[in-house]
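For reference, structure03.pdb is printed below; it contains PDB, C-alpha atoms.
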MODEL        1
ATOM      1  CA  MET A   1      89.446  71.088 -99.523
ATOM      2  CA  ASN A   2      86.608  73.016 -97.871
ATOM      3  CA  SER A   3      84.181  70.377 -99.073
ATOM      4  CA  LEU A   4      86.205  67.613 -97.389
ATOM      5  CA  ARG A   5      86.532  69.678 -94.192
ATOM      6  CA  THR A   6      82.825  70.495 -94.181
ATOM      7  CA  ARG A   7      81.818  66.869 -94.708
ATOM      8  CA  LEU A   8      84.172  65.672 -91.967
ATOM      9  CA  LEU A   9      82.853  68.311 -89.545
ATOM     10  CA  LEU A  10      79.234  67.509 -90.358
ATOM     11  CA  TRP A  11      79.743  63.787 -89.835
ATOM     12  CA  LEU A  12      81.818  64.067 -86.673
ATOM     13  CA  LEU A  13      79.787  66.837 -85.029
ATOM     14  CA  GLY A  14      76.550  65.132 -86.048
ATOM     15  CA  ALA A  15      77.722  61.853 -84.514
ATOM     16  CA  VAL A  16      78.763  63.624 -81.319
ATOM     17  CA  LEU A  17      75.451  65.476 -81.149
ATOM     18  CA  LEU A  18      73.357  62.333 -81.701
ATOM     19  CA  THR A  19      75.431  60.316 -79.232
ATOM     20  CA  GLY A  20      75.240  63.136 -76.700
ATOM     21  CA  LEU A  21      71.469  63.418 -77.043
ATOM     22  CA  ALA A  22      71.014  59.653 -76.739
ATOM     23  CA  GLY A  23      73.325  59.570 -73.726
ATOM     24  CA  ALA A  24      71.529  62.505 -72.120
ATOM     25  CA  ALA A  25      68.142  60.851 -72.621
ATOM     26  CA  PHE A  26      69.447  57.602 -71.116
ATOM     27  CA  LEU A  27      71.060  59.391 -68.160
ATOM     28  CA  TYR A  28      67.913  61.432 -67.524
ATOM     29  CA  ARG A  29      65.681  58.345 -67.474
ATOM     30  CA  GLN A  30      68.191  56.477 -65.296
ATOM     31  CA  ALA A  31      68.382  59.377 -62.832
ATOM     32  CA  LEU A  32      64.576  59.503 -62.630
ATOM     33  CA  ALA A  33      64.432  55.767 -61.912
ATOM     34  CA  GLU A  34      67.149  56.014 -59.250
ATOM     35  CA  ALA A  35      65.398  58.962 -57.597
ATOM     36  CA  ASP A  36      62.156  56.969 -57.530
ATOM     37  CA  ILE A  37      63.931  54.131 -55.708
ATOM     38  CA  VAL A  38      65.362  56.581 -53.154
ATOM     39  CA  PHE A  39      61.961  58.202 -52.567
ATOM     40  CA  ASP A  40      60.324  54.785 -52.085
ATOM     41  CA  GLN A  41      63.051  53.879 -49.613
ATOM     42  CA  GLN A  42      62.338  57.103 -47.713
ATOM     43  CA  LEU A  43      58.651  56.146 -47.425
ATOM     44  CA  ARG A  44      59.530  52.648 -46.191
ATOM     45  CA  GLU A  45      62.129  53.865 -43.682
ATOM     46  CA  THR A  46      59.732  56.443 -42.237
ATOM     47  CA  ALA A  47      57.016  53.810 -41.758
ATOM     48  CA  HIS A  48      59.424  51.337 -40.165
ATOM     49  CA  ALA A  49      60.824  54.022 -37.854
ATOM     50  CA  LEU A  50      57.296  54.561 -36.509
ATOM     51  CA  ARG A  51      56.261  50.920 -36.091
ATOM     52  CA  ASP A  52      57.166  50.711 -32.392
ATOM     53  CA  ARG A  53      55.503  54.030 -31.607
ATOM     54  CA  SER A  54      52.234  54.113 -29.691
ATOM     55  CA  PHE A  55      49.827  56.517 -31.327
ATOM     56  CA  LEU A  56      47.636  56.623 -28.218
ATOM     57  CA  GLN A  57      50.220  58.976 -26.688
ATOM     58  CA  PRO A  58      50.878  62.515 -27.985
ATOM     59  CA  ALA A  59      51.670  62.582 -31.697
ATOM     60  CA  PRO A  60      55.322  62.255 -32.705
ATOM     61  CA  GLU A  61      57.026  65.334 -34.073
ATOM     62  CA  PHE A  62      58.210  65.239 -37.647
ATOM     63  CA  GLY A  63      61.259  67.140 -38.764
ATOM     64  CA  GLU A  64      61.930  69.570 -41.558
ATOM     65  CA  ARG A  65      63.048  66.752 -43.865
ATOM     66  CA  GLU A  66      59.610  65.126 -43.825
ATOM     67  CA  ALA A  67      57.869  68.486 -44.250
ATOM     68  CA  ALA A  68      60.145  69.449 -47.160
ATOM     69  CA  ALA A  69      59.502  66.094 -48.815
ATOM     70  CA  ASP A  70      55.759  66.650 -48.269
ATOM     71  CA  LEU A  71      55.472  63.289 -46.516
ATOM     72  CA  VAL A  72      52.168  62.572 -44.824
ATOM     73  CA  VAL A  73      51.865  59.942 -42.133
ATOM     74  CA  GLN A  74      48.505  58.395 -41.372
ATOM     75  CA  VAL A  75      47.925  55.738 -38.756
ATOM     76  CA  TRP A  76      44.871  53.553 -38.936
ATOM     77  CA  SER A  77      43.482  51.211 -36.294
ATOM     78  CA  LEU A  78      43.126  47.587 -37.325
ATOM     79  CA  THR A  79      39.383  48.254 -37.646
ATOM     80  CA  GLY A  80      40.020  50.953 -40.288
ATOM     81  CA  VAL A  81      39.653  54.140 -38.213
ATOM     82  CA  ARG A  82      42.270  56.834 -38.743
ATOM     83  CA  VAL A  83      43.857  57.621 -35.367
ATOM     84  CA  TYR A  84      46.666  59.932 -36.501
ATOM     85  CA  LEU A  85      47.417  62.372 -39.330
ATOM     86  CA  SER A  86      50.721  64.290 -39.546
ATOM     87  CA  GLN A  87      49.701  67.003 -42.040
ATOM     88  CA  ARG A  88      46.511  68.353 -43.476
ATOM     89  CA  HIS A  89      46.011  68.121 -47.222
ATOM     90  CA  ALA A  90      42.983  68.851 -49.346
ATOM     91  CA  SER A  91      42.767  65.236 -50.426
ATOM     92  CA  LEU A  92      44.594  62.259 -48.951
ATOM     93  CA  PRO A  93      44.600  58.621 -49.952
ATOM     94  CA  GLY A  94      42.482  56.425 -47.725
ATOM     95  CA  LEU A  95      43.577  53.147 -46.223
ATOM     96  CA  THR A  96      45.216  51.205 -49.058
ATOM     97  CA  THR A  97      47.048  47.947 -49.513
ATOM     98  CA  LEU A  98      50.148  47.057 -47.555
ATOM     99  CA  GLY A  99      53.475  47.686 -49.225
ATOM    100  CA  PHE A 100      53.805  50.143 -52.096
ATOM    101  CA  SER A 101      50.929  51.458 -54.154
ATOM    102  CA  THR A 102      50.060  54.486 -56.235
ATOM    103  CA  VAL A 103      46.679  55.973 -55.391
ATOM    104  CA  ARG A 104      44.651  58.537 -57.326
ATOM    105  CA  THR A 105      42.781  61.227 -55.391
ATOM    106  CA  PRO A 106      40.983  64.383 -56.566
ATOM    107  CA  GLU A 107      44.203  66.309 -55.726
ATOM    108  CA  GLY A 108      46.346  63.976 -57.847
ATOM    109  CA  GLU A 109      48.306  60.755 -57.505
ATOM    110  CA  TRP A 110      50.088  59.715 -54.307
ATOM    111  CA  ARG A 111      52.795  57.135 -53.732
ATOM    112  CA  VAL A 112      51.915  55.245 -50.556
ATOM    113  CA  TYR A 113      53.686  52.704 -48.373
ATOM    114  CA  GLY A 114      51.590  50.781 -45.850
ATOM    115  CA  LEU A 115      52.991  48.777 -42.944
ATOM    116  CA  ARG A 116      50.904  46.611 -40.620
ATOM    117  CA  THR A 117      51.983  46.380 -36.986
ATOM    118  CA  PRO A 118      50.327  44.290 -34.257
ATOM    119  CA  PHE A 119      48.250  47.327 -33.225
ATOM    120  CA  ASN A 120      47.709  49.472 -36.321
ATOM    121  CA  VAL A 121      48.517  50.200 -39.943
ATOM    122  CA  ILE A 122      51.056  52.946 -40.630
ATOM    123  CA  GLN A 123      50.768  54.640 -43.965
ATOM    124  CA  VAL A 124      53.345  57.093 -45.327
ATOM    125  CA  ALA A 125      52.336  58.970 -48.473
ATOM    126  CA  GLN A 126      53.875  61.536 -50.804
ATOM    127  CA  PRO A 127      52.242  63.379 -53.706
ATOM    128  CA  MET A 128      53.578  62.162 -57.056
ATOM    129  CA  ARG A 129      53.894  65.768 -58.277
ATOM    130  CA  VAL A 130      56.429  66.420 -55.488
ATOM    131  CA  ARG A 131      58.365  63.253 -56.313
ATOM    132  CA  GLU A 132      58.381  63.985 -60.034
ATOM    133  CA  SER A 133      59.500  67.574 -59.512
ATOM    134  CA  ARG A 134      62.347  66.586 -57.187
ATOM    135  CA  ALA A 135      63.400  63.709 -59.471
ATOM    136  CA  ALA A 136      63.487  65.989 -62.514
ATOM    137  CA  HIS A 137      65.618  68.498 -60.596
ATOM    138  CA  LEU A 138      68.069  65.759 -59.572
ATOM    139  CA  ALA A 139      68.199  64.366 -63.106
ATOM    140  CA  ALA A 140      68.911  67.814 -64.534
ATOM    141  CA  ARG A 141      71.820  68.187 -62.109
ATOM    142  CA  VAL A 142      73.218  64.866 -63.333
ATOM    143  CA  LEU A 143      73.021  66.064 -66.951
ATOM    144  CA  LEU A 144      74.664  69.443 -66.381
ATOM    145  CA  PRO A 145      78.291  68.192 -66.716
ATOM    146  CA  LEU A 146      77.441  66.378 -69.960
ATOM    147  CA  LEU A 147      75.778  69.474 -71.395
ATOM    148  CA  LEU A 148      78.805  71.566 -70.479
ATOM    149  CA  LEU A 149      81.218  69.099 -72.092
ATOM    150  CA  MET A 150      79.379  68.803 -75.411
ATOM    151  CA  PRO A 151      80.385  72.267 -76.736
ATOM    152  CA  ALA A 152      83.969  71.691 -75.566
ATOM    153  CA  LEU A 153      84.066  68.390 -77.470
ATOM    154  CA  GLY A 154      82.651  70.159 -80.531
ATOM    155  CA  MET A 155      85.450  72.733 -80.386
ATOM    156  CA  VAL A 156      88.092  69.988 -80.054
ATOM    157  CA  ILE A 157      86.674  68.285 -83.150
ATOM    158  CA  TRP A 158      86.550  71.592 -85.072
ATOM    159  CA  ILE A 159      90.196  72.387 -84.265
ATOM    160  CA  SER A 160      91.371  68.794 -84.863
ATOM    161  CA  VAL A 161      89.766  68.565 -88.284
ATOM    162  CA  GLY A 162      91.330  71.905 -89.215
ATOM    163  CA  ARG A 163      94.774  70.704 -88.190
ATOM    164  CA  VAL A 164      94.422  67.328 -89.906
ATOM    165  CA  ILE A 165      93.224  68.951 -93.137
ATOM    166  CA  ALA A 166      96.001  71.629 -93.106
ATOM    167  CA  PRO A 167      98.678  69.406 -94.771
ATOM    168  CA  LEU A 168      96.175  68.427 -97.466
ATOM    169  CA  ARG A 169      95.339  72.090 -98.021
ATOM    170  CA  ARG A 170      99.058  72.935 -98.415
ATOM    171  CA  LEU A 171      99.510  70.018-100.812
ATOM    172  CA  ALA A 172      96.508  71.173-102.866
ATOM    173  CA  GLN A 173      97.977  74.707-103.018
ATOM    174  CA  GLN A 174     101.366  73.363-104.143
ATOM    175  CA  VAL A 175      99.775  71.203-106.832
ATOM    176  CA  GLY A 176      97.575  74.116-107.923
ATOM    177  CA  SER A 177     100.546  76.467-108.231
ATOM    178  CA  ARG A 178     102.524  74.135-110.546
ATOM    179  CA  PRO A 179     102.404  74.953-114.213
ATOM    180  CA  ALA A 180     100.414  72.606-116.396
ATOM    181  CA  VAL A 181     102.665  70.440-118.558
TER
ENDMDL
END

Please rewrite the model in this file as structure tokens.
Amino acid sequence: MNSLRTRLLLWLLGAVLLTGLAGAAFLYRQALAEADIVFDQQLRETAHALRDRSFLQPAPEFGEREAAADLVVQVWSLTGVRVYLSQRHASLPGLTTLGFSTVRTPEGEWRVYGLRTPFNVIQVAQPMRVRESRAAHLAARVLLPLLLLMPALGMVIWISVGRVIAPLRRLAQQVGSRPAV
């Protein structure tokens, strides 16, 4: 009977473990992709919020959200001269293409969104290392409930197999206790 119980437990717990790992990998990749979309949207929204702003006047103030996200705003004249920079970094991407692009600098890769206005080009950039770190943190938070449920499911399987096998164990004991004819 122990052999049957052991085989059932190995198969069921193995299937749960493999399914859980596959599901966790899928959820993690999906969460990373979703976070990337949100971060790109943040770059686009920041650029569009600044499009009506004149950068000949005093520089606009950026809030804690932009600083925490390590967003850098650069404004370039239509002739290619940088007229505004929101934060200092060791290495920033130069004027790039309009729309989204990923640019490599000596400091690392940056995700950049460029928007052309009638008077200038607004560029909002974020280091990829910041995006990847934040995305991984968000993905891990998505996986936490699954990781907490896996041991509970394992215990339910362990107890269920024990209860299902119990009548067979009793039957085997009864048959074993009968005298041989």

State, in Å with one decimal place, the distance from atom CA of A:Arg111 to atom CA of A:Leu71. 9.9 Å

Please identify all polymer residues within 10 Å of stretch 97-109 of chain A, counting only C-alpha atoms, omitting same-chain residues fewer than 3 positions from it, and present them as a list in words.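 Once the nearby chain positions are removed, what remains is Asp40, Leu43, Arg44, His89, Ala90, Ser91, Leu92, Pro93, Gly94, Val112, Tyr113, Gly114, Leu115, Arg116, Val121, Ile122, Gln123, Val124, Ala125, Gln126, Pro127, Met128 and Arg129 of chain A.
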
Now that the selection is made, can you save its residues with C-alpha atoms as a PDB file, in the frame of the given file?
ATOM      1  CA  ASP A  40      60.324  54.785 -52.085  1.00  0.00           C
ATOM      2  CA  LEU A  43      58.651  56.146 -47.425  1.00  0.00           C
ATOM      3  CA  ARG A  44      59.530  52.648 -46.191  1.00  0.00           C
ATOM      4  CA  HIS A  89      46.011  68.121 -47.222  1.00  0.00           C
ATOM      5  CA  ALA A  90      42.983  68.851 -49.346  1.00  0.00           C
ATOM      6  CA  SER A  91      42.767  65.236 -50.426  1.00  0.00           C
ATOM      7  CA  LEU A  92      44.594  62.259 -48.951  1.00  0.00           C
ATOM      8  CA  PRO A  93      44.600  58.621 -49.952  1.00  0.00           C
ATOM      9  CA  GLY A  94      42.482  56.425 -47.725  1.00  0.00           C
ATOM     10  CA  VAL A 112      51.915  55.245 -50.556  1.00  0.00           C
ATOM     11  CA  TYR A 113      53.686  52.704 -48.373  1.00  0.00           C
ATOM     12  CA  GLY A 114      51.590  50.781 -45.850  1.00  0.00           C
ATOM     13  CA  LEU A 115      52.991  48.777 -42.944  1.00  0.00           C
ATOM     14  CA  ARG A 116      50.904  46.611 -40.620  1.00  0.00           C
ATOM     15  CA  VAL A 121      48.517  50.200 -39.943  1.00  0.00           C
ATOM     16  CA  ILE A 122      51.056  52.946 -40.630  1.00  0.00           C
ATOM     17  CA  GLN A 123      50.768  54.640 -43.965  1.00  0.00           C
ATOM     18  CA  VAL A 124      53.345  57.093 -45.327  1.00  0.00           C
ATOM     19  CA  ALA A 125      52.336  58.970 -48.473  1.00  0.00           C
ATOM     20  CA  GLN A 126      53.875  61.536 -50.804  1.00  0.00           C
ATOM     21  CA  PRO A 127      52.242  63.379 -53.706  1.00  0.00           C
ATOM     22  CA  MET A 128      53.578  62.162 -57.056  1.00  0.00           C
ATOM     23  CA  ARG A 129      53.894  65.768 -58.277  1.00  0.00           C
TER      24      ARG A 129
END

For A:Ala15, find every residue with an atom within 12 Å (counting only C-alpha atoms), except residues of its own chain fewer than 5 positions away, and show them as a list of chain:residue names. A:Leu8, A:Leu9, A:Leu10, A:Gly20, A:Leu21, A:Ala22, A:Gly23, A:Met150, A:Leu153, A:Gly154, A:Ile157

For stretch 93-103 of chain A, I'd like the enclosing box, axis-aligned and padded by 6 Å on every side, reported as AutoDock Vina command-line options with centre and edge lengths in Å to one decimal.
--center_x 48.1 --center_y 52.8 --center_z -51.2 --size_x 23.3 --size_y 23.6 --size_z 22.0

Written as number ranges by chain, which residues does the PyMOL selection byres ((chain A and resi 119) around 12) give for the file shown? A: 51-56, 75-80, 83, 115-118, 120-122

Find the distance between atom CA of A:Ile165 and atom CA of A:Leu146 and write it in Å to one decimal.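 Rounded to one decimal, the two atoms are 28.2 Å apart.
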
Find the residue from A:Val16, A:Ala136, A:Ala24, A:Ile37 that sits nearest to A:Pro151; use all atoms listed in the file when measuring. A:Val16
